[in-house]
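K.L.:
Sharing query.cif (mmCIF, C-alpha atoms and all ligand atoms) below.
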data_coords
loop_
_atom_site.label_atom_id
_atom_site.label_comp_id
_atom_site.auth_asym_id
_atom_site.auth_seq_id
_atom_site.Cartn_x
_atom_site.Cartn_y
_atom_site.Cartn_z
CA MET H 1 -2.14 -17.13 -0.94
CA ARG H 2 -4.37 -17.47 2.11
CA ASP H 3 -2.36 -20.56 3.03
CA TYR H 4 0.65 -18.30 3.34
CA GLY H 5 -0.94 -15.63 5.50
CA PHE H 6 -2.59 -13.34 2.94
CA GLY H 7 -6.07 -11.93 3.64
CA ARG H 8 -6.27 -13.19 7.20
CA ARG H 9 -4.46 -12.91 10.51
CA ASP H 10 -1.14 -14.67 10.43
CA GLU H 11 1.36 -14.31 13.21
CA SER H 12 4.43 -15.14 11.16
CA LEU H 13 3.54 -12.55 8.52
CA GLU H 14 2.85 -9.98 11.23
CA SER H 15 6.18 -10.62 12.88
CA ILE H 16 7.98 -10.21 9.53
CA ILE H 17 6.32 -6.83 8.96
CA THR H 18 7.11 -5.63 12.48
CA ALA H 19 10.71 -6.84 12.30
CA GLU H 20 11.25 -5.07 8.97
CA MET H 21 9.83 -1.83 10.34
CA LYS H 22 12.08 -2.19 13.35
CA GLU H 23 15.02 -2.46 10.96
CA MET H 24 13.95 0.84 9.36
CA VAL H 25 13.71 2.44 12.80
CA ASP H 26 17.22 1.18 13.43
CA ILE H 27 18.50 2.73 10.20
CA ARG H 28 17.23 6.10 11.38
CA ILE H 29 18.53 5.71 14.93
CA ASN H 30 21.94 4.20 14.19
CA GLY H 31 22.45 5.70 10.75
CA PRO H 32 22.55 4.40 7.17
CA LYS H 33 25.21 1.87 6.18
CA ASN H 34 25.32 2.35 2.40
CA SER H 35 24.49 4.83 -0.34
CA ALA H 36 21.00 3.38 -0.97
CA GLU H 37 20.10 3.83 2.69
CA GLN H 38 21.46 7.38 2.57
CA GLU H 39 18.86 8.17 -0.07
CA ILE H 40 16.15 7.27 2.45
CA VAL H 41 17.70 8.43 5.74
CA ASN H 42 19.91 11.51 6.04
CA GLY H 43 20.77 12.38 9.63
CA GLU H 44 17.49 13.23 11.34
CA LEU H 45 15.60 13.35 8.06
CA VAL H 46 13.73 10.50 6.43
CA TYR H 47 12.31 10.35 2.91
CA MET H 48 8.60 9.85 2.36
CA PRO H 49 7.06 7.56 1.16
CA HIS H 50 10.07 5.26 0.72
CA PHE H 51 10.91 5.04 4.40
CA PHE H 52 7.83 2.77 4.61
CA ASP H 53 8.56 0.51 1.60
CA VAL H 54 10.53 -2.31 3.19
CA PRO H 55 7.97 -3.86 5.60
CA PHE H 56 5.17 -3.88 3.02
CA LEU H 57 7.29 -5.31 0.22
CA ASN H 58 9.08 -7.90 2.28
CA GLY H 59 5.64 -8.84 3.64
CA ILE H 60 4.23 -9.58 0.18
CA LEU H 61 7.43 -11.41 -0.82
CA TYR H 62 6.94 -13.59 2.21
CA VAL H 63 3.38 -14.40 1.11
CA LEU H 64 4.37 -15.16 -2.48
CA ALA H 65 7.68 -16.95 -1.96
CA GLN H 66 8.24 -17.30 1.80
CA CYS H 67 11.35 -15.14 1.48
CA THR H 68 12.38 -11.62 2.42
CA LEU H 69 15.28 -9.49 1.21
CA PRO H 70 17.91 -8.76 3.87
CA ARG H 71 18.98 -5.21 4.71
CA SER H 72 21.94 -5.43 2.33
CA GLU H 73 19.38 -5.83 -0.51
CA TYR H 74 16.78 -3.27 0.56
CA HIS H 75 17.91 -1.13 -2.36
CA ARG H 76 16.11 -3.62 -4.64
CA LEU H 77 12.85 -2.98 -2.76
CA TRP H 78 13.30 0.79 -3.10
CA THR H 79 13.89 0.34 -6.83
CA ILE H 80 10.65 -1.64 -7.06
CA SER H 81 8.69 1.04 -5.24
CA LYS H 82 10.14 3.82 -7.39
CA GLY H 83 9.19 1.82 -10.49
CA GLY H 84 5.68 1.36 -9.08
CA ILE H 85 5.21 5.06 -8.47
CA LYS H 86 6.47 5.84 -11.96
CA PHE H 87 3.92 3.41 -13.39
CA GLN H 88 1.08 4.83 -11.29
CA ARG H 89 1.88 8.40 -12.35
CA ASN H 90 1.99 7.66 -16.07
CA SER H 91 -1.67 6.78 -16.36
CA ASP H 92 -4.89 7.24 -14.42
CA ASP H 93 -7.66 4.96 -13.23
CA MET H 94 -9.44 5.23 -16.59
CA GLY H 95 -6.27 4.34 -18.49
CA ARG H 96 -6.03 7.84 -20.05
CA ALA H 97 -6.18 8.25 -23.84
CA LEU H 98 -4.09 5.10 -24.31
CA SER H 99 -6.97 2.84 -23.33
CA LEU H 100 -9.15 4.19 -26.18
CA THR H 101 -6.45 5.01 -28.71
CA PRO H 102 -3.59 2.59 -28.03
CA TRP H 103 -1.78 3.58 -31.24
CA LEU H 104 -0.73 6.79 -29.45
CA LYS H 105 2.03 4.73 -27.88
CA ASP H 106 3.85 4.52 -31.22
CA LEU H 107 3.51 8.19 -32.13
CA PHE H 108 3.97 9.77 -28.70
CA PRO H 109 5.48 7.16 -26.38
CA LYS H 110 6.49 9.68 -23.75
CA TRP H 111 3.55 12.07 -23.89
CA SER H 112 0.99 9.25 -23.90
CA GLY H 113 2.55 7.78 -20.75
CA PHE H 114 3.42 4.50 -22.50
CA LYS H 115 7.15 4.85 -21.94
CA GLY H 116 6.73 5.52 -18.22
CA LEU H 117 4.22 2.69 -17.85
CA ARG H 118 6.53 0.28 -19.58
CA GLU H 119 9.61 1.29 -17.67
CA GLY H 120 7.78 1.17 -14.34
CA ASN H 121 6.27 -2.23 -15.12
CA GLN H 122 9.56 -3.67 -16.33
CA VAL H 123 11.14 -3.24 -12.90
CA PHE H 124 8.58 -5.65 -11.47
CA ILE H 125 8.78 -8.14 -14.33
CA ASP H 126 12.59 -8.25 -14.15
CA PHE H 127 12.54 -8.77 -10.41
CA TYR H 128 10.01 -11.60 -10.55
CA ARG H 129 11.51 -13.24 -13.64
CA ASP H 130 14.76 -13.77 -11.72
CA LEU H 131 12.91 -15.01 -8.65
CA VAL H 132 10.62 -17.40 -10.59
CA GLN H 133 13.54 -18.82 -12.57
CA GLU H 134 15.43 -19.48 -9.36
CA ILE H 135 12.40 -21.13 -7.76
CA MET H 136 11.69 -23.32 -10.79
CA LEU H 137 15.12 -24.91 -10.37
CA THR H 138 14.19 -26.33 -6.97
CA GLN H 139 10.39 -26.66 -7.23
CA ASP H 140 9.23 -30.14 -6.23
CA ASP H 141 5.70 -31.43 -6.97
CA ALA H 142 5.71 -33.44 -3.76
CA HIS H 143 6.13 -30.42 -1.52
CA ASP H 144 4.74 -26.89 -1.94
CA ARG H 145 6.89 -24.36 -0.14
CA HIS H 146 4.82 -21.31 -1.09
CA PHE H 147 2.33 -19.78 -3.53
CA LEU H 148 4.81 -19.73 -6.43
CA ASP H 149 5.46 -23.47 -6.02
CA MET H 150 1.71 -24.17 -6.06
CA TYR H 151 1.24 -22.14 -9.22
CA ILE H 152 4.17 -23.80 -11.00
CA ARG H 153 2.98 -27.29 -10.00
CA LYS H 154 -0.54 -26.57 -11.34
CA MET H 155 0.90 -25.18 -14.59
CA LYS H 156 3.05 -28.29 -15.14
CA GLN H 157 0.18 -30.61 -14.24
CA GLU H 158 -2.25 -28.98 -16.73
CA MET H 159 0.37 -29.04 -19.47
CA GLN H 160 0.98 -32.75 -18.87
CA GLU H 161 -2.74 -33.61 -18.78
CA ASN H 162 -4.11 -31.34 -21.54
CA GLY H 163 -1.09 -30.15 -23.47
CA ARG H 164 -2.14 -26.56 -22.72
CA SER H 165 -2.85 -24.37 -19.70
CA THR H 166 -4.08 -20.91 -18.87
CA PHE H 167 -1.31 -20.94 -16.27
CA SER H 168 2.01 -19.72 -17.66
CA VAL H 169 5.23 -18.16 -16.45
CA ASP H 170 4.21 -14.85 -18.06
CA GLN H 171 0.87 -14.95 -16.23
CA LEU H 172 2.65 -15.73 -13.00
CA LEU H 173 4.94 -12.74 -13.44
CA LEU H 174 1.87 -10.56 -13.90
CA VAL H 175 0.05 -12.03 -10.89
CA CYS H 176 3.10 -11.24 -8.75
CA THR H 177 3.31 -7.79 -10.31
CA ASP H 178 -0.40 -7.08 -9.70
CA TYR H 179 -0.06 -7.93 -6.03
CA THR H 180 3.20 -6.09 -5.62
CA PHE H 181 2.16 -2.82 -7.33
CA PRO H 182 -0.22 -1.66 -4.58
CA THR H 183 2.17 -3.00 -1.95
CA ALA H 184 4.90 -0.84 -3.48
CA THR H 185 2.79 2.30 -3.72
CA ALA H 186 -0.74 2.49 -2.25
CA VAL H 187 -0.07 1.56 1.35
CA GLN H 188 2.96 3.78 1.83
CA MET H 189 1.26 6.70 0.04
CA THR H 190 -1.68 6.40 2.43
CA LEU H 191 0.69 6.50 5.41
CA THR H 192 2.60 9.39 3.85
CA MET H 193 -0.62 11.37 3.49
CA LEU H 194 -1.32 10.64 7.14
CA VAL H 195 2.14 11.87 8.16
CA GLU H 196 1.52 15.02 6.14
CA ARG H 197 -1.85 15.44 7.86
CA ILE H 198 -0.16 15.12 11.27
CA LEU H 199 2.28 17.87 10.31
CA TYR H 200 -0.63 20.02 9.13
CA GLN H 201 -3.23 19.50 11.84
CA PRO H 202 -2.14 20.30 15.41
CA GLY H 203 -3.05 17.87 18.16
CA LEU H 204 -3.13 14.62 16.18
CA GLN H 205 0.42 13.56 17.01
CA GLU H 206 0.01 14.08 20.76
CA ARG H 207 -3.15 11.95 20.81
CA ILE H 208 -1.52 9.17 18.79
CA HIS H 209 1.46 9.15 21.16
CA GLU H 210 -0.74 9.23 24.25
CA GLU H 211 -2.68 6.22 22.98
CA ILE H 212 0.43 4.25 22.05
CA ASP H 213 2.05 4.94 25.44
CA ARG H 214 -1.12 3.98 27.31
CA VAL H 215 -1.94 0.80 25.37
CA VAL H 216 1.46 -0.49 24.22
CA GLY H 217 3.97 1.38 26.33
CA ARG H 218 7.59 1.58 25.21
CA ASP H 219 8.89 -1.82 26.31
CA ARG H 220 7.33 -3.86 23.52
CA LEU H 221 6.32 -3.35 19.90
CA PRO H 222 2.69 -2.89 18.82
CA THR H 223 0.86 -5.99 17.55
CA ILE H 224 -2.40 -6.54 15.70
CA ASP H 225 -4.00 -7.41 19.05
CA ASP H 226 -3.56 -3.74 19.97
CA ARG H 227 -5.68 -2.61 17.02
CA ASN H 228 -8.94 -3.01 18.96
CA ASN H 229 -7.59 -0.99 21.84
CA MET H 230 -6.25 1.83 19.74
CA PRO H 231 -9.35 3.48 18.27
CA PHE H 232 -7.63 6.81 17.69
CA LEU H 233 -4.77 5.49 15.57
CA GLU H 234 -7.15 3.16 13.73
CA GLY H 235 -9.54 6.11 13.32
CA CYS H 236 -6.69 8.18 11.79
CA LEU H 237 -6.07 5.46 9.19
CA ARG H 238 -9.77 5.17 8.36
CA GLU H 239 -10.23 8.94 8.24
CA MET H 240 -7.23 9.34 5.92
CA MET H 241 -8.70 6.84 3.47
CA ARG H 242 -12.12 8.49 3.73
CA ILE H 243 -11.01 12.07 3.19
CA GLU H 244 -8.58 11.09 0.44
CA PRO H 245 -9.35 7.72 -1.12
CA ILE H 246 -6.25 7.11 -3.20
CA VAL H 247 -8.27 5.27 -5.86
CA PRO H 248 -11.00 7.94 -6.12
CA LEU H 249 -12.94 6.29 -8.96
CA GLY H 250 -12.09 2.70 -8.09
CA LEU H 251 -11.13 0.43 -10.96
CA PRO H 252 -13.25 0.60 -14.09
CA HIS H 253 -15.78 -2.23 -14.47
CA ARG H 254 -17.89 -3.38 -17.43
CA ALA H 255 -21.62 -4.11 -17.36
CA LEU H 256 -21.92 -7.77 -18.39
CA LYS H 257 -25.58 -7.27 -19.36
CA ASN H 258 -28.19 -4.50 -19.53
CA VAL H 259 -28.85 -3.29 -15.98
CA GLN H 260 -30.56 -0.50 -14.09
CA ILE H 261 -28.49 1.42 -11.56
CA GLY H 262 -30.12 4.17 -9.49
CA GLY H 263 -32.92 4.50 -12.05
CA TYR H 264 -30.56 4.75 -15.02
CA ASP H 265 -30.52 2.20 -17.83
CA VAL H 266 -26.98 0.97 -18.30
CA PRO H 267 -26.46 -0.97 -21.52
CA GLU H 268 -24.31 -4.08 -21.68
CA ASN H 269 -20.58 -3.36 -22.10
CA THR H 270 -20.77 0.13 -20.59
CA MET H 271 -17.73 1.11 -18.53
CA ILE H 272 -18.79 1.71 -14.92
CA CYS H 273 -16.81 3.66 -12.36
CA ILE H 274 -17.86 4.33 -8.80
CA ASN H 275 -17.29 7.84 -7.46
CA TYR H 276 -15.93 7.18 -3.98
CA ILE H 277 -15.31 10.88 -3.35
CA HIS H 278 -19.05 11.46 -3.64
CA LEU H 279 -19.72 8.80 -1.00
CA HIS H 280 -16.88 9.93 1.26
CA MET H 281 -17.86 13.61 1.16
CA ASP H 282 -21.64 13.19 1.48
CA LYS H 283 -22.86 15.65 4.13
CA ASP H 284 -25.92 13.49 4.88
CA ILE H 285 -23.64 10.64 5.95
CA TRP H 286 -20.75 12.46 7.57
CA GLY H 287 -22.10 15.83 8.70
CA ASP H 288 -18.73 17.58 8.38
CA PRO H 289 -16.94 15.56 5.67
CA GLU H 290 -14.40 18.32 4.98
CA ASN H 291 -12.89 17.94 8.46
CA PHE H 292 -10.27 15.31 9.29
CA ARG H 293 -11.83 13.97 12.47
CA PRO H 294 -10.80 10.44 13.59
CA ASP H 295 -13.17 10.75 16.55
CA ARG H 296 -16.12 10.25 14.22
CA TYR H 297 -15.52 6.48 14.46
CA ILE H 298 -15.18 6.39 18.25
CA VAL H 299 -18.14 5.75 20.54
CA ASP H 300 -17.65 5.47 24.32
CA GLY H 301 -13.90 5.26 23.83
CA LYS H 302 -14.15 2.30 21.44
CA LEU H 303 -13.84 2.02 17.69
CA CYS H 304 -17.32 1.69 16.14
CA VAL H 305 -16.79 0.15 12.70
CA ALA H 306 -20.48 0.67 11.88
CA LYS H 307 -19.79 4.43 11.86
CA ASP H 308 -17.35 3.95 8.99
CA LYS H 309 -19.45 4.12 5.83
CA SER H 310 -16.44 4.75 3.61
CA LEU H 311 -15.41 2.24 0.93
CA PRO H 312 -11.76 2.99 0.14
CA PHE H 313 -11.23 -0.62 -0.94
CA GLY H 314 -14.38 -0.82 -3.06
CA ALA H 315 -17.17 -3.32 -2.49
CA GLY H 316 -18.77 -6.40 -3.94
CA LYS H 317 -17.27 -9.28 -5.85
CA ARG H 318 -14.24 -7.37 -7.13
CA LEU H 319 -13.38 -5.44 -4.01
CA CYS H 320 -9.70 -4.97 -3.23
CA ALA H 321 -8.05 -8.34 -2.75
CA GLY H 322 -5.47 -6.75 -0.48
CA GLU H 323 -7.81 -5.04 2.00
CA THR H 324 -6.97 -7.20 5.02
CA TYR H 325 -3.26 -7.19 4.21
CA ALA H 326 -3.33 -3.41 3.72
CA ARG H 327 -5.31 -2.61 6.88
CA ASN H 328 -3.27 -4.91 9.14
CA SER H 329 0.12 -4.01 7.76
CA MET H 330 -0.60 -0.25 7.70
CA PHE H 331 -1.60 -0.45 11.35
CA LEU H 332 1.59 -2.33 12.30
CA VAL H 333 3.93 -0.11 10.31
CA PHE H 334 2.37 3.14 11.43
CA ALA H 335 2.05 2.18 15.09
CA THR H 336 5.68 1.00 15.17
CA PHE H 337 6.80 4.21 13.45
CA MET H 338 4.87 6.51 15.77
CA GLN H 339 5.90 4.58 18.86
CA ALA H 340 9.53 5.22 17.96
CA PHE H 341 9.42 8.76 16.64
CA ARG H 342 8.09 12.25 16.84
CA VAL H 343 7.64 13.77 13.38
CA SER H 344 8.11 17.38 12.31
CA THR H 345 8.79 19.36 9.18
CA VAL H 346 12.40 19.80 8.07
CA ASP H 347 12.48 23.42 9.28
CA GLY H 348 10.44 22.64 12.38
CA LYS H 349 7.65 25.04 11.40
CA PRO H 350 4.01 23.89 11.14
CA LEU H 351 2.93 22.86 7.66
CA LYS H 352 0.81 25.64 6.17
CA LYS H 353 -0.84 23.71 3.35
CA LEU H 354 -1.09 20.20 1.96
CA ALA H 355 1.05 19.37 -1.08
CA PRO H 356 -0.62 19.39 -4.50
CA ARG H 357 -1.71 15.87 -5.48
CA ILE H 358 -0.55 14.01 -8.57
CA GLN H 359 -3.46 12.11 -10.08
CA GLY H 360 -2.39 8.82 -11.59
CA ILE H 361 -3.82 5.33 -11.29
CA ILE H 362 -3.66 6.13 -7.61
CA THR H 363 -3.32 9.59 -6.09
CA THR H 364 0.21 10.34 -4.96
CA LEU H 365 1.94 13.34 -3.47
CA PRO H 366 5.44 14.48 -4.33
CA GLU H 367 8.18 12.78 -2.33
CA PHE H 368 9.43 14.85 0.62
CA TRP H 369 11.73 14.76 3.64
CA ILE H 370 10.53 14.97 7.21
CA ARG H 371 12.41 15.24 10.48
CA VAL H 372 11.95 12.32 12.86
CA THR H 373 13.20 12.48 16.44
CA PRO H 374 13.49 9.33 18.55
CA ARG H 375 10.90 9.53 21.35
CA ASN H 376 13.08 7.82 23.91
CA GLU H 377 15.50 10.69 23.55
CA ILE H 378 12.61 13.07 24.18
CA ALA H 379 11.64 11.11 27.27
CA ASN H 380 15.20 11.15 28.60
C1 LIG F 1 -4.38 1.65 0.96
C2 LIG F 1 -4.29 0.58 0.25
C3 LIG F 1 -5.22 0.14 -0.84
C4 LIG F 1 -6.36 0.72 -1.32
C5 LIG F 1 -7.01 2.02 -0.86
C6 LIG F 1 -6.88 -0.15 -2.36
C7 LIG F 1 -8.02 0.09 -3.08
C8 LIG F 1 -8.52 -0.72 -4.08
C9 LIG F 1 -9.71 -0.47 -4.86
C10 LIG F 1 -10.63 0.73 -4.67
C11 LIG F 1 -9.85 -1.46 -5.75
C12 LIG F 1 -10.96 -1.60 -6.80
C13 LIG F 1 -12.15 -2.30 -6.18
C14 LIG F 1 -13.35 -2.32 -7.08
O1 LIG F 1 -13.18 -2.30 -8.30
O2 LIG F 1 -14.47 -2.35 -6.57
C15 LIG F 1 -8.74 -2.37 -5.55
C16 LIG F 1 -8.55 -3.54 -6.27
C17 LIG F 1 -7.53 -4.42 -6.04
N1 LIG F 1 -6.56 -4.32 -5.07
FE1 LIG F 1 -6.35 -2.83 -3.73
N2 LIG F 1 -6.05 -1.23 -2.49
C18 LIG F 1 -5.03 -1.09 -1.58
C19 LIG F 1 -4.00 -1.97 -1.35
C20 LIG F 1 -3.87 -3.19 -1.98
C21 LIG F 1 -2.84 -4.15 -1.69
C22 LIG F 1 -1.77 -3.99 -0.61
C23 LIG F 1 -3.03 -5.20 -2.55
C24 LIG F 1 -2.26 -6.48 -2.70
C25 LIG F 1 -1.40 -6.94 -1.85
C26 LIG F 1 -4.16 -4.89 -3.39
C27 LIG F 1 -4.64 -5.70 -4.38
C28 LIG F 1 -5.74 -5.41 -5.17
C29 LIG F 1 -6.20 -6.27 -6.26
C30 LIG F 1 -5.55 -7.58 -6.71
C31 LIG F 1 -7.33 -5.64 -6.81
C32 LIG F 1 -8.19 -6.15 -7.97
C33 LIG F 1 -9.30 -7.01 -7.39
C34 LIG F 1 -10.21 -7.59 -8.47
O3 LIG F 1 -10.41 -6.95 -9.49
O4 LIG F 1 -10.75 -8.68 -8.23
N3 LIG F 1 -4.64 -3.67 -3.01
N4 LIG F 1 -7.95 -1.90 -4.53
#
Show the structure stored in the file as structure tokens.
P.N.:
Amino acid sequence: MRDYGFGRRDESLESIITAEMKEMVDIRINGPKNSAEQEIVNGELVYMPHFFDVPFLNGILYVLAQCTLPRSEYHRLWTISKGGIKFQRNSDDMGRALSLTPWLKDLFPKWSGFKGLREGNQVFIDFYRDLVQEIMLTQDDAHDRHFLDMYIRKMKQEMQENGRSTFSVDQLLLVCTDYTFPTATAVQMTLTMLVERILYQPGLQERIHEEIDRVVGRDRLPTIDDRNNMPFLEGCLREMMRIEPIVPLGLPHRALKNVQIGGYDVPENTMICINYIHLHMDKDIWGDPENFRPDRYIVDGKLCVAKDKSLPFGAGKRLCAGETYARNSMFLVFATFMQAFRVSTVDGKPLKKLAPRIQGIITTLPEFWIRVTPRNEIAN
């Protein structure tokens, strides 16, 4: 996947993400063209988190299959994201009771979350089954066009040489699904929480706009090169993931042998979860962890990464595979969004409190509408 821009800087991937976000900006400014778009943009109002889906999902499609869905098919991306959120909300990061007592799925399919998990997952499998079938028709061993081609070639080669392979079409569908799930949910939820925070905490929006106008201006779109020069916006993203890590207990791991952790004996096969909230809210590290304060990462006007002790993407061998993709694409999408718009609540009043969170595999907040006003109109 690295060959196709994943996990590193890649100009073609960056330009896809920016172009897709620009398309979303256009839908808001010039109005929706079909009923699916009307579910996301209604006059001055846009629907969170789905307004952000397209650039992230078309970005990962580009990595996996060097393709993107055109605007006339964006509705398929919104369906994927809705399926992803359904999946995330029907379990939690420990797998709920189903992981210990899987038979609950037969007795109480709905209550146990199994039905929701299955339905949410199926959206991804169906989407990728069609795509993989189409790609297999034209795959050519002599020329890899993208990650899916490489996988299919390896699978065929192992089957020919050994008569068996751990590579299979079903595995491939799950690999694609695994990489698309967080791209359909985690990144846009993080940005949605940040939008909510902007509506809640006075002063943030003005500082973000001031920085964008000073560094990028209004005549070009933000690029990843601007990231270094925009410590406040970058600090907002980091602070959002610190104050509310959307995977608060990470993914569960298993001790492969007896180990000692922090003076405790942990026997082989024990399930281990890391409490990121504890780290992110530690007064000894942060001083005032309860405050949303992007300036904590800024020293002499520059971003100081060493000040960021948070680990929203985990650490070690199994840290998030999508960290670079997530950080770069969230920056691009959010900077492009904030360059174009001023955000406010639907009724224009300040937000009095943050929405209650829904704890699933990741933390989500209920979908909501916000008002977005084009900034050029404000300037005029
Ligand atoms: C705001 C966005 C995201 C956050 C906060 C996040 C966070 C995390 C965390 C905490 C883990 C568990 C790490 C551990 O067990 O130590 C993880 C694993 C993982 N993430 Fe993400 N993630 C995000 C976005 C993404 C994206 C966009 C992708 C893919 C495109 C992705 C792919 C993965 C994969 C494949 C794993 C499993 C890695 C493994 O077990 O080897 N994540 N993520």
K.L.:
Output the neighbourhood of ligand LIG 1 (chain F) as a PyMOL selection string, that is, all protein and nucleic acid residues with some atom at most 9 Å from the ligand, counting all atoms listed in the file.
P.N.:
chain H and resi 6-7+56+60+175+178-191+241+245-253+273-274+276+311-327+329-330+362
K.L.:
As a ChimeraX atom specification, please: the residues near H:Gly116 (cut-off 8 Å, all atoms listed in the file, same-chain neighbours under 2 positions excluded).
P.N.:
/H:86-87,90,110,113-114,118-120
K.L.:
Filtering to C-alpha atoms, could you give me those residues as a PDB file, in the coordinates of the input?
P.N.:
ATOM      1  CA  LYS H  86       6.470   5.840 -11.960  1.00  0.00           C
ATOM      2  CA  PHE H  87       3.920   3.410 -13.390  1.00  0.00           C
ATOM      3  CA  ASN H  90       1.990   7.660 -16.070  1.00  0.00           C
ATOM      4  CA  LYS H 110       6.490   9.680 -23.750  1.00  0.00           C
ATOM      5  CA  GLY H 113       2.550   7.780 -20.750  1.00  0.00           C
ATOM      6  CA  PHE H 114       3.420   4.500 -22.500  1.00  0.00           C
ATOM      7  CA  ARG H 118       6.530   0.280 -19.580  1.00  0.00           C
ATOM      8  CA  GLU H 119       9.610   1.290 -17.670  1.00  0.00           C
ATOM      9  CA  GLY H 120       7.780   1.170 -14.340  1.00  0.00           C
TER      10      GLY H 120
END
K.L.:
What does the distance between atom CA of H:Val372 and atom CA of H:Arg342 come to in Å, to one decimal place?
P.N.:
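Atom CA of H:Arg342 lies 5.5 Å from atom CA of H:Val372.
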K.L.:
Using all atoms listed in the file for the distances, tell me which of H:Leu117, H:Leu64, H:Leu45, H:Leu279 is nearest to H:Ser91.
P.N.:
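Closest to H:Ser91 of all the choices is H:Leu117.
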K.L.:
Which residues are close to H:Gln66, i.e. within 9 Å by only C-alpha atoms, leaving aside same-chain residues fewer than 5 positions away? Reply as number ranges by chain.
P.N.:
H: 4, 60-61, 145-147
K.L.:
Pull the neighbourhood of (21.7, -2.7, 4.4) for me: all residues within 10 Å in file coordinates, counting all atoms listed in the file, as a PyMOL selection string.
P.N.:
chain H and resi 23-24+27+32-37+69-75
K.L.:
Just to confirm, what's the straight-line distance from atom CA of H:Ile224 to atom CA of H:Ile208 in Å (one decimal)?
P.N.:
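Between atom CA of H:Ile224 and atom CA of H:Ile208 the gap works out to 16.0 Å.
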K.L.:
May I ask which of the residues H:Gln260, H:Thr138, H:Ser168, H:Ser99 is the closest one to H:Tyr151, counting only C-alpha atoms?
P.N.:
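Going through H:Gln260, H:Thr138, H:Ser168, H:Ser99 one by one, the smallest distance to H:Tyr151 is for H:Ser168.
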K.L.:
What does the structure give for the distance between atom CA of H:Pro374 and atom CA of H:Ile29, in Å to one decimal?
P.N.:
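Atom CA of H:Ile29 lies at a distance of 7.2 Å from atom CA of H:Pro374.
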K.L.:
Of the candidates H:Ile358, H:Lys309, H:Pro55, H:Glu244, which shows the shortest atom-to-atom distance to H:Asp284, using only C-alpha atoms?
P.N.:
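Closest to H:Asp284, using only C-alpha atoms: H:Lys309.
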K.L.:
H:Thr192, H:Thr177, H:Ser81, H:Asn291: which is nearest H:Thr363, counting all atoms listed in the file?
P.N.:
H:Thr192
K.L.:
Using all atoms listed in the file, which of H:Val63, H:Leu221, H:Val132, H:Ile152 sits nearest H:Ala19?
P.N.:
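Comparing H:Val63, H:Leu221, H:Val132, H:Ile152 against H:Ala19, the winner is H:Leu221.
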K.L.:
Show which residues sit within 9 Å of H:Arg375, as a ChimeraX atom specification. Count only C-alpha atoms, and ignore same-chain residues fewer than 6 positions away.
P.N.:
/H:338-342
K.L.:
Restrict the selected residues to C-alpha atoms and save them as an mmCIF file, in the frame of the given file.
P.N.:
data_model
loop_
_atom_site.group_PDB
_atom_site.id
_atom_site.type_symbol
_atom_site.label_atom_id
_atom_site.label_comp_id
_atom_site.auth_asym_id
_atom_site.auth_seq_id
_atom_site.Cartn_x
_atom_site.Cartn_y
_atom_site.Cartn_z
ATOM 1 C CA MET H 338 4.870 6.510 15.770
ATOM 2 C CA GLN H 339 5.900 4.580 18.860
ATOM 3 C CA ALA H 340 9.530 5.220 17.960
ATOM 4 C CA PHE H 341 9.420 8.760 16.640
ATOM 5 C CA ARG H 342 8.090 12.250 16.840
#
K.L.:
Looking at all atoms listed in the file, which of H:Val266, H:Leu354, H:Cys304, H:Ile272 is the one that sits closest to H:Arg254?
P.N.:
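Looking only at the distances to H:Arg254, the closest residue turns out to be H:Ile272.
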K.L.:
Within 12 Å of H:Pro356, counting only C-alpha atoms, which residues show up once you throw out same-chain ones fewer than 5 positions away? Write them as a list in words, please.
P.N.:
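Using only C-alpha atoms, the neighbours found are Met193, Glu196, Thr363, Thr364, Leu365, Pro366 and Glu367 of chain H.
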K.L.:
Could you list, as a ChimeraX atom specification, every residue within 12 Å of H:Trp369, counting only C-alpha atoms and ignoring same-chain residues fewer than 5 positions away?
P.N.:
/H:39-51,192,195-196,199,343-348
